[in-house]
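Q: This one is upload-v9.csv, CSV, C-alpha atoms.
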chain,number,residue,atom,x,y,z
A,184,MET,CA,-8.1,-38.8,11.2
A,185,SER,CA,-11.1,-40.2,13.1
A,186,ALA,CA,-13.9,-38.1,14.6
A,187,ALA,CA,-12.5,-38.8,18.0
A,188,ASP,CA,-9.1,-37.5,16.9
A,189,ASP,CA,-10.8,-34.4,15.5
A,190,TRP,CA,-12.4,-33.8,18.9
A,191,ARG,CA,-9.1,-34.2,20.7
A,192,VAL,CA,-7.4,-31.6,18.4
A,193,PHE,CA,-10.3,-29.2,19.0
A,194,ALA,CA,-10.3,-29.8,22.8
A,195,CYS,CA,-6.5,-29.1,23.0
A,196,ASP,CA,-6.6,-25.9,21.0
A,197,THR,CA,-5.8,-23.2,23.5
A,198,ASP,CA,-7.5,-20.6,21.4
A,199,VAL,CA,-10.9,-22.4,21.7
A,200,ARG,CA,-13.1,-21.6,24.6
A,201,MET,CA,-16.2,-23.6,25.5
A,202,ASN,CA,-19.2,-21.5,24.4
A,203,LEU,CA,-22.6,-22.8,25.3
A,204,THR,CA,-24.5,-20.7,22.8
A,205,LEU,CA,-28.0,-21.4,21.4
A,206,ASP,CA,-28.0,-18.6,18.8
A,207,ASN,CA,-31.0,-18.8,16.4
A,208,LYS,CA,-32.7,-21.4,18.5
A,209,VAL,CA,-36.3,-21.0,19.8
A,210,ALA,CA,-37.1,-22.6,23.2
A,211,LEU,CA,-40.4,-23.2,24.9
A,212,ILE,CA,-40.0,-23.4,28.7
A,213,THR,CA,-43.0,-24.3,30.9
A,214,GLY,CA,-43.5,-23.1,34.4
A,215,GLY,CA,-41.1,-20.2,33.6
A,216,SER,CA,-42.2,-17.5,35.9
A,217,ARG,CA,-40.4,-18.7,39.0
A,218,GLY,CA,-38.0,-21.3,40.4
A,219,ILE,CA,-36.2,-23.6,38.1
A,220,GLY,CA,-38.2,-22.4,35.1
A,221,ALA,CA,-37.3,-18.8,35.6
A,222,ALA,CA,-33.6,-19.7,36.1
A,223,ALA,CA,-33.8,-21.7,32.8
A,224,VAL,CA,-35.4,-18.7,31.0
A,225,ARG,CA,-32.6,-16.5,32.1
A,226,LEU,CA,-29.9,-19.0,31.1
A,227,PHE,CA,-31.4,-19.8,27.7
A,228,ALA,CA,-31.9,-16.1,26.9
A,229,ALA,CA,-28.3,-15.4,28.0
A,230,ALA,CA,-27.1,-18.2,25.7
A,231,GLY,CA,-28.8,-16.4,22.7
A,232,ALA,CA,-32.0,-18.4,22.4
A,233,LYS,CA,-35.4,-16.8,21.8
A,234,VAL,CA,-37.6,-18.0,24.7
A,235,VAL,CA,-41.3,-18.4,25.1
A,236,PHE,CA,-42.4,-19.4,28.6
A,237,ASN,CA,-45.8,-19.8,30.3
A,238,TYR,CA,-47.1,-18.7,33.6
A,239,GLN,CA,-50.4,-19.6,35.3
A,240,ALA,CA,-51.2,-16.7,37.6
A,241,ALA,CA,-47.9,-14.9,38.4
A,242,LYS,CA,-48.3,-12.2,35.6
A,243,ALA,CA,-46.3,-9.6,37.5
A,244,LYS,CA,-43.3,-11.9,37.9
A,245,ALA,CA,-43.6,-13.1,34.2
A,246,ASP,CA,-43.7,-9.5,33.0
A,247,ASP,CA,-40.6,-8.6,35.1
A,248,LEU,CA,-38.8,-11.6,33.7
A,249,VAL,CA,-39.6,-10.6,30.1
A,250,ARG,CA,-38.3,-7.1,30.8
A,251,GLU,CA,-35.1,-8.5,32.4
A,252,CYS,CA,-34.4,-10.8,29.4
A,253,GLY,CA,-35.5,-8.4,26.7
A,254,ALA,CA,-39.0,-8.3,25.1
A,255,GLY,CA,-37.5,-8.8,21.6
A,256,ASN,CA,-36.2,-12.2,22.6
A,257,CYS,CA,-38.5,-13.4,25.4
A,258,ARG,CA,-42.3,-13.8,25.5
A,259,ALA,CA,-44.6,-14.8,28.3
A,260,VAL,CA,-47.9,-16.6,27.7
A,261,GLN,CA,-50.6,-17.3,30.2
A,262,ALA,CA,-51.5,-21.0,30.2
A,263,ASP,CA,-53.0,-23.3,32.8
A,264,LEU,CA,-51.4,-26.6,31.8
A,265,SER,CA,-54.0,-28.9,33.2
A,266,THR,CA,-55.6,-29.7,29.8
A,267,ALA,CA,-54.2,-31.1,26.5
A,268,ASN,CA,-55.8,-28.2,24.6
A,269,ALA,CA,-53.8,-25.6,26.6
A,270,ALA,CA,-50.6,-27.4,25.8
A,271,GLN,CA,-51.4,-27.4,22.1
A,272,GLU,CA,-52.2,-23.7,22.2
A,273,LEU,CA,-48.9,-23.0,24.0
A,274,VAL,CA,-46.8,-24.7,21.4
A,275,SER,CA,-48.7,-22.9,18.6
A,276,SER,CA,-48.0,-19.6,20.5
A,277,ALA,CA,-44.3,-20.3,20.6
A,278,VAL,CA,-44.2,-21.0,16.8
A,279,ALA,CA,-46.3,-17.9,16.1
A,280,ALA,CA,-44.0,-15.7,18.2
A,281,PHE,CA,-40.6,-16.7,16.6
A,282,GLY,CA,-41.4,-18.9,13.6
A,283,ARG,CA,-40.1,-22.2,14.8
A,284,LEU,CA,-39.5,-24.4,17.8
A,285,ASP,CA,-36.1,-26.1,18.5
A,286,ILE,CA,-36.3,-26.9,22.2
A,287,LEU,CA,-39.0,-28.0,24.6
A,288,ILE,CA,-38.3,-27.8,28.4
A,289,ALA,CA,-41.3,-29.4,30.2
A,290,ASN,CA,-40.6,-28.0,33.7
A,291,HIS,CA,-44.0,-27.3,35.1
A,292,GLY,CA,-45.7,-29.4,37.8
A,293,ILE,CA,-47.5,-29.5,41.1
A,294,TRP,CA,-46.7,-31.2,44.3
A,295,PRO,CA,-49.6,-31.4,46.8
A,296,PRO,CA,-47.7,-30.6,50.0
A,297,GLU,CA,-49.9,-32.4,52.5
A,298,ASP,CA,-48.9,-35.9,53.3
A,299,MET,CA,-51.7,-38.1,52.1
A,300,PRO,CA,-52.0,-41.9,52.7
A,301,VAL,CA,-53.1,-43.7,49.6
A,302,ASP,CA,-56.3,-44.9,51.2
A,303,ARG,CA,-57.3,-41.3,52.0
A,304,MET,CA,-56.2,-39.6,48.8
A,305,PRO,CA,-59.1,-38.0,47.1
A,306,ASP,CA,-59.7,-39.2,43.5
A,307,GLU,CA,-59.7,-35.5,42.5
A,308,GLN,CA,-56.1,-35.0,43.8
A,309,TRP,CA,-54.9,-38.0,41.9
A,310,HIS,CA,-56.5,-37.0,38.6
A,311,ARG,CA,-55.3,-33.3,38.9
A,312,THR,CA,-51.7,-34.3,39.6
A,313,ILE,CA,-51.6,-36.7,36.7
A,314,ALA,CA,-53.4,-34.2,34.4
A,315,VAL,CA,-50.8,-31.4,35.2
A,316,ASN,CA,-47.6,-33.4,35.6
A,317,LEU,CA,-48.1,-36.1,32.9
A,318,ASP,CA,-51.1,-35.5,30.6
A,319,SER,CA,-50.1,-32.0,29.7
A,320,VAL,CA,-46.5,-33.1,29.1
A,321,PHE,CA,-47.6,-35.7,26.7
A,322,ALA,CA,-49.6,-33.0,24.8
A,323,LEU,CA,-46.6,-30.6,24.8
A,324,VAL,CA,-44.3,-33.4,23.5
A,325,LYS,CA,-46.8,-34.5,20.9
A,326,HIS,CA,-47.3,-31.1,19.3
A,327,SER,CA,-43.7,-30.0,19.7
A,328,VAL,CA,-42.4,-33.2,18.0
A,329,GLY,CA,-44.8,-32.5,15.1
A,330,GLN,CA,-43.2,-29.1,14.6
A,331,MET,CA,-39.6,-30.4,15.1
A,332,LYS,CA,-40.0,-33.1,12.5
A,333,LYS,CA,-40.9,-30.4,9.9
A,334,GLN,CA,-37.7,-28.5,10.8
A,335,GLY,CA,-35.4,-31.5,10.8
A,336,GLY,CA,-34.8,-32.0,14.5
A,337,GLY,CA,-34.8,-30.6,18.0
A,338,GLN,CA,-34.2,-31.1,21.7
A,339,ILE,CA,-36.6,-32.1,24.5
A,340,VAL,CA,-35.8,-32.1,28.2
A,341,LEU,CA,-38.4,-33.3,30.7
A,342,VAL,CA,-37.9,-32.3,34.3
A,343,SER,CA,-38.7,-35.3,36.6
A,344,SER,CA,-37.7,-35.7,40.3
A,345,THR,CA,-35.9,-38.1,42.6
A,346,ALA,CA,-39.5,-39.0,43.6
A,347,GLY,CA,-39.8,-40.6,40.2
A,348,GLN,CA,-36.8,-42.8,40.8
A,349,ARG,CA,-37.2,-44.0,44.4
A,350,GLY,CA,-40.9,-43.1,45.1
A,351,GLU,CA,-42.2,-40.8,47.8
A,352,ALA,CA,-44.3,-42.1,50.7
A,353,PHE,CA,-47.6,-40.3,51.1
A,354,HIS,CA,-47.2,-38.6,47.7
A,355,CYS,CA,-47.9,-41.6,45.4
A,356,ASP,CA,-49.6,-39.3,42.8
A,357,TYR,CA,-46.5,-37.1,42.4
A,358,ALA,CA,-44.1,-40.0,42.4
A,359,ALA,CA,-46.2,-41.8,39.8
A,360,SER,CA,-46.3,-38.8,37.5
A,361,LYS,CA,-42.6,-38.2,37.7
A,362,GLY,CA,-41.7,-41.8,37.3
A,363,ALA,CA,-43.8,-41.9,34.1
A,364,LEU,CA,-41.8,-39.0,32.7
A,365,ILE,CA,-38.6,-41.0,33.1
A,366,SER,CA,-40.2,-44.0,31.2
A,367,MET,CA,-41.5,-41.5,28.6
A,368,VAL,CA,-37.9,-40.2,28.0
A,369,LYS,CA,-36.5,-43.7,27.6
A,370,GLY,CA,-39.1,-44.7,25.0
A,371,LEU,CA,-39.1,-41.4,23.1
A,372,SER,CA,-35.3,-41.2,22.9
A,373,THR,CA,-35.2,-44.4,20.7
A,374,GLU,CA,-38.4,-43.5,18.8
A,375,LEU,CA,-37.3,-40.0,17.8
A,376,ALA,CA,-33.5,-40.6,17.3
A,377,ARG,CA,-34.2,-41.2,13.5
A,378,ASP,CA,-35.8,-37.8,13.4
A,379,ASN,CA,-32.8,-36.0,14.9
A,380,ILE,CA,-34.7,-35.2,18.1
A,381,ARG,CA,-32.8,-35.9,21.3
A,382,VAL,CA,-34.9,-36.5,24.4
A,383,ASN,CA,-33.4,-36.3,27.9
A,384,CYS,CA,-34.4,-35.8,31.5
A,385,VAL,CA,-33.1,-33.8,34.5
A,386,ALA,CA,-34.2,-35.3,37.8
A,387,PRO,CA,-33.7,-32.8,40.7
A,388,GLY,CA,-33.7,-33.6,44.3
A,389,TRP,CA,-34.7,-30.9,46.9
A,390,VAL,CA,-34.4,-27.4,45.5
A,391,ALA,CA,-35.0,-24.1,47.1
A,392,THR,CA,-38.2,-23.0,45.3
A,393,ASP,CA,-41.6,-21.7,46.2
A,394,MET,CA,-43.0,-25.2,45.8
A,395,SER,CA,-40.7,-26.6,48.5
A,396,ALA,CA,-40.6,-23.5,50.8
A,397,GLY,CA,-43.3,-24.8,53.1
A,398,ALA,CA,-41.4,-28.0,53.9
A,399,LEU,CA,-38.0,-26.4,54.0
A,400,ASN,CA,-39.1,-23.6,56.3
A,401,ASP,CA,-40.3,-26.2,58.9
A,402,PRO,CA,-37.2,-26.9,61.1
A,403,PRO,CA,-37.9,-30.6,61.8
A,404,THR,CA,-38.7,-31.3,58.1
A,405,ARG,CA,-35.7,-29.3,57.0
A,406,ALA,CA,-33.4,-31.3,59.3
A,407,ARG,CA,-34.8,-34.6,57.9
A,408,VAL,CA,-34.3,-33.4,54.3
A,409,PHE,CA,-30.7,-32.2,54.9
A,410,ALA,CA,-29.8,-35.5,56.6
A,411,THR,CA,-30.6,-37.3,53.3
A,412,ILE,CA,-28.3,-35.2,51.1
A,413,PRO,CA,-24.6,-36.0,51.2
A,414,LEU,CA,-23.7,-32.4,50.1
A,415,GLY,CA,-25.6,-31.2,53.2
A,416,ARG,CA,-27.8,-28.6,51.5
A,417,VAL,CA,-30.6,-28.3,48.9
A,418,GLY,CA,-29.9,-27.2,45.4
A,419,THR,CA,-30.5,-23.8,43.8
A,420,PRO,CA,-32.7,-23.3,40.7
A,421,GLU,CA,-29.6,-22.3,38.8
A,422,GLU,CA,-28.0,-25.6,39.6
A,423,ILE,CA,-30.8,-27.4,37.9
A,424,ALA,CA,-31.2,-25.0,35.0
A,425,GLY,CA,-27.5,-25.4,34.1
A,426,PRO,CA,-27.8,-29.2,33.3
A,427,ILE,CA,-31.0,-28.4,31.4
A,428,LEU,CA,-29.1,-25.9,29.2
A,429,PHE,CA,-26.2,-28.2,28.7
A,430,LEU,CA,-28.4,-31.0,27.4
A,431,CYS,CA,-29.6,-28.7,24.7
A,432,THR,CA,-26.2,-27.7,23.3
A,433,PRO,CA,-24.0,-29.4,20.7
A,434,TYR,CA,-21.7,-30.5,23.6
A,435,ALA,CA,-24.5,-33.0,24.5
A,436,GLY,CA,-25.0,-34.1,20.9
A,437,PHE,CA,-24.3,-37.8,21.6
A,438,ILE,CA,-26.6,-37.9,24.7
A,439,THR,CA,-30.2,-39.1,24.4
A,440,GLY,CA,-32.4,-41.1,26.8
A,441,GLU,CA,-30.3,-40.0,29.7
A,442,ILE,CA,-31.6,-39.3,33.2
A,443,PHE,CA,-29.3,-36.5,34.5
A,444,ASN,CA,-29.3,-36.6,38.3
A,445,ALA,CA,-29.0,-33.3,40.1
A,446,ASN,CA,-29.7,-34.1,43.8
A,447,GLY,CA,-26.6,-33.5,45.9
A,448,GLY,CA,-25.8,-37.2,46.0
A,449,ALA,CA,-29.2,-38.1,47.6
A,450,VAL,CA,-30.1,-40.7,45.0
A,451,LEU,CA,-27.4,-42.6,43.2
A,452,VAL,CA,-29.0,-44.4,40.2
A,453,GLY,CA,-28.2,-44.8,36.6
Here is the file; what I need is its structure written in the form of structure tokens.

A:
Amino acid sequence: MSAADDWRVFACDTDVRMNLTLDNKVALITGGSRGIGAAAVRLFAAAGAKVVFNYQAAKAKADDLVRECGAGNCRAVQADLSTANAAQELVSSAVAAFGRLDILIANHGIWPPEDMPVDRMPDEQWHRTIAVNLDSVFALVKHSVGQMKKQGGGQIVLVSSTAGQRGEAFHCDYAASKGALISMVKGLSTELARDNIRVNCVAPGWVATDMSAGALNDPPTRARVFATIPLGRVGTPEEIAGPILFLCTPYAGFITGEIFNANGGAVLVG
């Protein structure tokens, strides 16, 4: 019987129920105090993982989330991910807390909300966006991979954006940083496959989070955004956290280098 036949027998067994558990796994989730990150922290903790997440300034929200998920299985670490050193320290904190690191979810990022023509964009804005959205992700991946290789494997999910797929006028810094993450995933997936490390990406469209609230609370902007989404609404943080969780389970064991689109049909690309 082939492996495919084995899977069909398993799938047709009425006593088997899909169980997306991550028992005995340790996950590091960045930007975990709110929005997509907080939803992912809740889902991963509910799936049995031990979770370390960072926050920058929202200590009260981070502490509430730790209490909600259980202090024995969830830790919050203050880290401003605008430098490579902070990323290295965060990975070390996760390993120190739970003894290993199986999963990295690079979810943090900034989106300067003001429309900025490229010829007026301050150099400081460009450098900060790239530092937070790209440079720190490189450092997180670098140090996480070093730990995962020692353990025999792991999972990495980078959170990009539809802006990284089709660009975003007047936000070239953000689009460039998110497009770079997609290219990083494609390269790393082949590089790290031999080390049993799968690397994937979730690319959200518009999601109801604090970061998008200013745009979505402006009626004309909200109307323009909704007009671009075939499903006629923006996503919820949980609708992005769900695919992130799935990509870290054994059910996604044959998936690597994938860009998982979660955008309500707004961008249809492979």

Q: Do you know which residues are at most 12 Å from Arg225 of chain A counting all atoms listed in the file, after dropping those on the same chain fewer than 6 positions away, and could you put them as a PDB file with C-alpha atoms, in the coordinates of the input?

A:
ATOM      1  CA  ALA A 210     -37.100 -22.600  23.200  1.00  0.00           C
ATOM      2  CA  ILE A 212     -40.000 -23.400  28.700  1.00  0.00           C
ATOM      3  CA  GLY A 215     -41.100 -20.200  33.600  1.00  0.00           C
ATOM      4  CA  SER A 216     -42.200 -17.500  35.900  1.00  0.00           C
ATOM      5  CA  ARG A 217     -40.400 -18.700  39.000  1.00  0.00           C
ATOM      6  CA  GLY A 218     -38.000 -21.300  40.400  1.00  0.00           C
ATOM      7  CA  ILE A 219     -36.200 -23.600  38.100  1.00  0.00           C
ATOM      8  CA  GLY A 231     -28.800 -16.400  22.700  1.00  0.00           C
ATOM      9  CA  ALA A 232     -32.000 -18.400  22.400  1.00  0.00           C
ATOM     10  CA  LYS A 233     -35.400 -16.800  21.800  1.00  0.00           C
ATOM     11  CA  VAL A 234     -37.600 -18.000  24.700  1.00  0.00           C
ATOM     12  CA  VAL A 235     -41.300 -18.400  25.100  1.00  0.00           C
ATOM     13  CA  PHE A 236     -42.400 -19.400  28.600  1.00  0.00           C
ATOM     14  CA  ALA A 245     -43.600 -13.100  34.200  1.00  0.00           C
ATOM     15  CA  ASP A 247     -40.600  -8.600  35.100  1.00  0.00           C
ATOM     16  CA  LEU A 248     -38.800 -11.600  33.700  1.00  0.00           C
ATOM     17  CA  VAL A 249     -39.600 -10.600  30.100  1.00  0.00           C
ATOM     18  CA  ARG A 250     -38.300  -7.100  30.800  1.00  0.00           C
ATOM     19  CA  GLU A 251     -35.100  -8.500  32.400  1.00  0.00           C
ATOM     20  CA  CYS A 252     -34.400 -10.800  29.400  1.00  0.00           C
ATOM     21  CA  GLY A 253     -35.500  -8.400  26.700  1.00  0.00           C
ATOM     22  CA  ASN A 256     -36.200 -12.200  22.600  1.00  0.00           C
ATOM     23  CA  CYS A 257     -38.500 -13.400  25.400  1.00  0.00           C
ATOM     24  CA  PRO A 420     -32.700 -23.300  40.700  1.00  0.00           C
ATOM     25  CA  GLU A 421     -29.600 -22.300  38.800  1.00  0.00           C
ATOM     26  CA  ALA A 424     -31.200 -25.000  35.000  1.00  0.00           C
ATOM     27  CA  GLY A 425     -27.500 -25.400  34.100  1.00  0.00           C
ATOM     28  CA  LEU A 428     -29.100 -25.900  29.200  1.00  0.00           C
TER      29      LEU A 428
END

Q: Quick one: contact table of segment 324-410 of chain A to segment 444-452 of chain A, 6 Å max, nearest atom pair and distance in Å to one decimal per residue, counting all atoms listed in the file, chain and number order, as CSV?

A:
residue,atom,partner,partner_atom,distance
A:Ala386,CA,A:Asn444,CA,5.1
A:Pro387,CA,A:Ala445,CA,4.8
A:Gly388,CA,A:Asn446,CA,4.1

Q: Please report the interatomic distance between atom CA of Pro426 of chain A and atom CA of Leu371 of chain A in Å with one decimal.

A: 19.5 Å

Q: Taking (-40.1, -41.3, 44.5) in the file's coordinates as the center, which residues reach within 12 Å of it, counting only C-alpha atoms, put as a ChimeraX atom specification?

A: /A:343-363,365,386-389,449-450

Q: For atom CA of Asn207 of chain A and atom CA of Ala279 of chain A, quote the distance in Å rounded to one decimal.

A: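 Answer for the atom CA of Asn207 of chain A to atom CA of Ala279 of chain A separation: 15.3 Å.
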
Q: Could you pull the residues within 7 Å of Ala391 of chain A, counting all atoms listed in the file, minus those fewer than 2 positions along the same chain, as a PyMOL selection string?

A: chain A and resi 389+395-396+417-420

Q: Within 12 Å of (-33.4, -32.9, 26.9), in the coordinates the file gives, what residues turn up when you count all atoms listed in the file, written out as JSON, numbers by chain?

A: {"A": [210, 212, 285, 286, 287, 288, 289, 290, 324, 337, 338, 339, 340, 341, 342, 343, 364, 365, 367, 368, 369, 371, 372, 380, 381, 382, 383, 384, 385, 386, 424, 425, 426, 427, 428, 429, 430, 431, 432, 433, 435, 436, 437, 438, 439, 440, 441, 442, 443]}

Q: Tell me, in Å to one decimal, how far atom CA of Val209 of chain A is from atom CA of Ala277 of chain A.

A: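 Taking atom CA of Val209 of chain A and atom CA of Ala277 of chain A, their separation equals 8.1 Å.
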
Q: Restricting the calculation to all atoms listed in the file: of A:His326, A:Arg377, A:Lys208, A:Lys244, which residue gets closest to Phe281 of chain A?

A: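 Looking only at the distances to Phe281 of chain A, the closest residue turns out to be A:Lys208.
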
Q: Please identify all polymer residues within 6 Å of Leu264 of chain A, counting only C-alpha atoms, omitting same-chain residues fewer than 3 positions from it, and present them as number ranges by chain.

A: A: 269, 315, 319

Q: Name the closest residue to Val390 of chain A among the candidates A:Asp378, A:Gln334, A:Leu205, A:Val408; distances are taken between atoms, counting all atoms listed in the file.

A: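 Counting all atoms listed in the file, the residue closest to Val390 of chain A is A:Val408.
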
Q: Restrict the output to segment 316-342 of chain A and N, CA and C atoms, then write it as a PDB file, in the first residue's frame.

A:
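Printed below is part_17.pdb as written:
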ATOM      1  N   ASN A 316      10.403  45.998   9.235  1.00  0.00           N
ATOM      2  CA  ASN A 316       9.656  45.001   8.469  1.00  0.00           C
ATOM      3  C   ASN A 316      10.532  43.947   7.806  1.00  0.00           C
ATOM      4  N   LEU A 317      11.812  44.241   7.605  1.00  0.00           N
ATOM      5  CA  LEU A 317      12.671  43.317   6.865  1.00  0.00           C
ATOM      6  C   LEU A 317      13.937  42.937   7.631  1.00  0.00           C
ATOM      7  N   ASP A 318      14.709  43.930   8.065  1.00  0.00           N
ATOM      8  CA  ASP A 318      15.981  43.617   8.717  1.00  0.00           C
ATOM      9  C   ASP A 318      15.774  42.780   9.973  1.00  0.00           C
ATOM     10  N   SER A 319      14.794  43.137  10.784  1.00  0.00           N
ATOM     11  CA  SER A 319      14.574  42.380  12.020  1.00  0.00           C
ATOM     12  C   SER A 319      14.051  40.983  11.724  1.00  0.00           C
ATOM     13  N   VAL A 320      13.283  40.826  10.637  1.00  0.00           N
ATOM     14  CA  VAL A 320      12.811  39.493  10.252  1.00  0.00           C
ATOM     15  C   VAL A 320      13.992  38.617   9.841  1.00  0.00           C
ATOM     16  N   PHE A 321      14.925  39.189   9.087  1.00  0.00           N
ATOM     17  CA  PHE A 321      16.137  38.446   8.746  1.00  0.00           C
ATOM     18  C   PHE A 321      16.844  37.962  10.005  1.00  0.00           C
ATOM     19  N   ALA A 322      17.000  38.838  10.988  1.00  0.00           N
ATOM     20  CA  ALA A 322      17.695  38.449  12.214  1.00  0.00           C
ATOM     21  C   ALA A 322      16.917  37.379  12.976  1.00  0.00           C
ATOM     22  N   LEU A 323      15.601  37.509  13.032  1.00  0.00           N
ATOM     23  CA  LEU A 323      14.783  36.491  13.699  1.00  0.00           C
ATOM     24  C   LEU A 323      14.941  35.132  13.021  1.00  0.00           C
ATOM     25  N   VAL A 324      14.879  35.133  11.691  1.00  0.00           N
ATOM     26  CA  VAL A 324      15.020  33.880  10.950  1.00  0.00           C
ATOM     27  C   VAL A 324      16.419  33.301  11.166  1.00  0.00           C
ATOM     28  N   LYS A 325      17.424  34.134  11.063  1.00  0.00           N
ATOM     29  CA  LYS A 325      18.805  33.672  11.211  1.00  0.00           C
ATOM     30  C   LYS A 325      19.014  32.936  12.524  1.00  0.00           C
ATOM     31  N   HIS A 326      18.603  33.530  13.619  1.00  0.00           N
ATOM     32  CA  HIS A 326      18.864  32.936  14.926  1.00  0.00           C
ATOM     33  C   HIS A 326      17.886  31.803  15.236  1.00  0.00           C
ATOM     34  N   SER A 327      16.674  31.879  14.725  1.00  0.00           N
ATOM     35  CA  SER A 327      15.726  30.764  14.905  1.00  0.00           C
ATOM     36  C   SER A 327      16.191  29.527  14.156  1.00  0.00           C
ATOM     37  N   VAL A 328      16.671  29.722  12.936  1.00  0.00           N
ATOM     38  CA  VAL A 328      17.146  28.591  12.140  1.00  0.00           C
ATOM     39  C   VAL A 328      18.327  27.910  12.830  1.00  0.00           C
ATOM     40  N   GLY A 329      19.232  28.702  13.417  1.00  0.00           N
ATOM     41  CA  GLY A 329      20.346  28.105  14.137  1.00  0.00           C
ATOM     42  C   GLY A 329      19.874  27.168  15.237  1.00  0.00           C
ATOM     43  N   GLN A 330      18.834  27.581  15.962  1.00  0.00           N
ATOM     44  CA  GLN A 330      18.270  26.737  17.017  1.00  0.00           C
ATOM     45  C   GLN A 330      17.537  25.535  16.431  1.00  0.00           C
ATOM     46  N   MET A 331      16.754  25.742  15.384  1.00  0.00           N
ATOM     47  CA  MET A 331      15.973  24.660  14.789  1.00  0.00           C
ATOM     48  C   MET A 331      16.867  23.573  14.207  1.00  0.00           C
ATOM     49  N   LYS A 332      17.996  23.950  13.614  1.00  0.00           N
ATOM     50  CA  LYS A 332      18.906  22.953  13.068  1.00  0.00           C
ATOM     51  C   LYS A 332      19.438  22.038  14.169  1.00  0.00           C
ATOM     52  N   LYS A 333      19.689  22.583  15.340  1.00  0.00           N
ATOM     53  CA  LYS A 333      20.154  21.769  16.460  1.00  0.00           C
ATOM     54  C   LYS A 333      19.101  20.751  16.885  1.00  0.00           C
ATOM     55  N   GLN A 334      17.830  21.107  16.709  1.00  0.00           N
ATOM     56  CA  GLN A 334      16.722  20.260  17.161  1.00  0.00           C
ATOM     57  C   GLN A 334      16.231  19.293  16.096  1.00  0.00           C
ATOM     58  N   GLY A 335      16.663  19.489  14.852  1.00  0.00           N
ATOM     59  CA  GLY A 335      16.249  18.594  13.789  1.00  0.00           C
ATOM     60  C   GLY A 335      15.094  19.073  12.943  1.00  0.00           C
ATOM     61  N   GLY A 336      14.723  20.349  13.052  1.00  0.00           N
ATOM     62  CA  GLY A 336      13.672  20.864  12.175  1.00  0.00           C
ATOM     63  C   GLY A 336      12.822  21.926  12.828  1.00  0.00           C
ATOM     64  N   GLY A 337      11.876  22.450  12.067  1.00  0.00           N
ATOM     65  CA  GLY A 337      10.981  23.473  12.581  1.00  0.00           C
ATOM     66  C   GLY A 337      10.100  24.045  11.494  1.00  0.00           C
ATOM     67  N   GLN A 338       9.320  25.052  11.867  1.00  0.00           N
ATOM     68  CA  GLN A 338       8.394  25.714  10.946  1.00  0.00           C
ATOM     69  C   GLN A 338       8.594  27.217  11.051  1.00  0.00           C
ATOM     70  N   ILE A 339       8.572  27.890   9.917  1.00  0.00           N
ATOM     71  CA  ILE A 339       8.654  29.347   9.880  1.00  0.00           C
ATOM     72  C   ILE A 339       7.523  29.871   8.997  1.00  0.00           C
ATOM     73  N   VAL A 340       6.802  30.850   9.506  1.00  0.00           N
ATOM     74  CA  VAL A 340       5.778  31.531   8.712  1.00  0.00           C
ATOM     75  C   VAL A 340       6.042  33.032   8.800  1.00  0.00           C
ATOM     76  N   LEU A 341       6.245  33.663   7.655  1.00  0.00           N
ATOM     77  CA  LEU A 341       6.405  35.105   7.583  1.00  0.00           C
ATOM     78  C   LEU A 341       5.088  35.724   7.111  1.00  0.00           C
ATOM     79  N   VAL A 342       4.668  36.773   7.778  1.00  0.00           N
ATOM     80  CA  VAL A 342       3.418  37.443   7.406  1.00  0.00           C
ATOM     81  C   VAL A 342       3.757  38.605   6.484  1.00  0.00           C
TER      82      VAL A 342
END
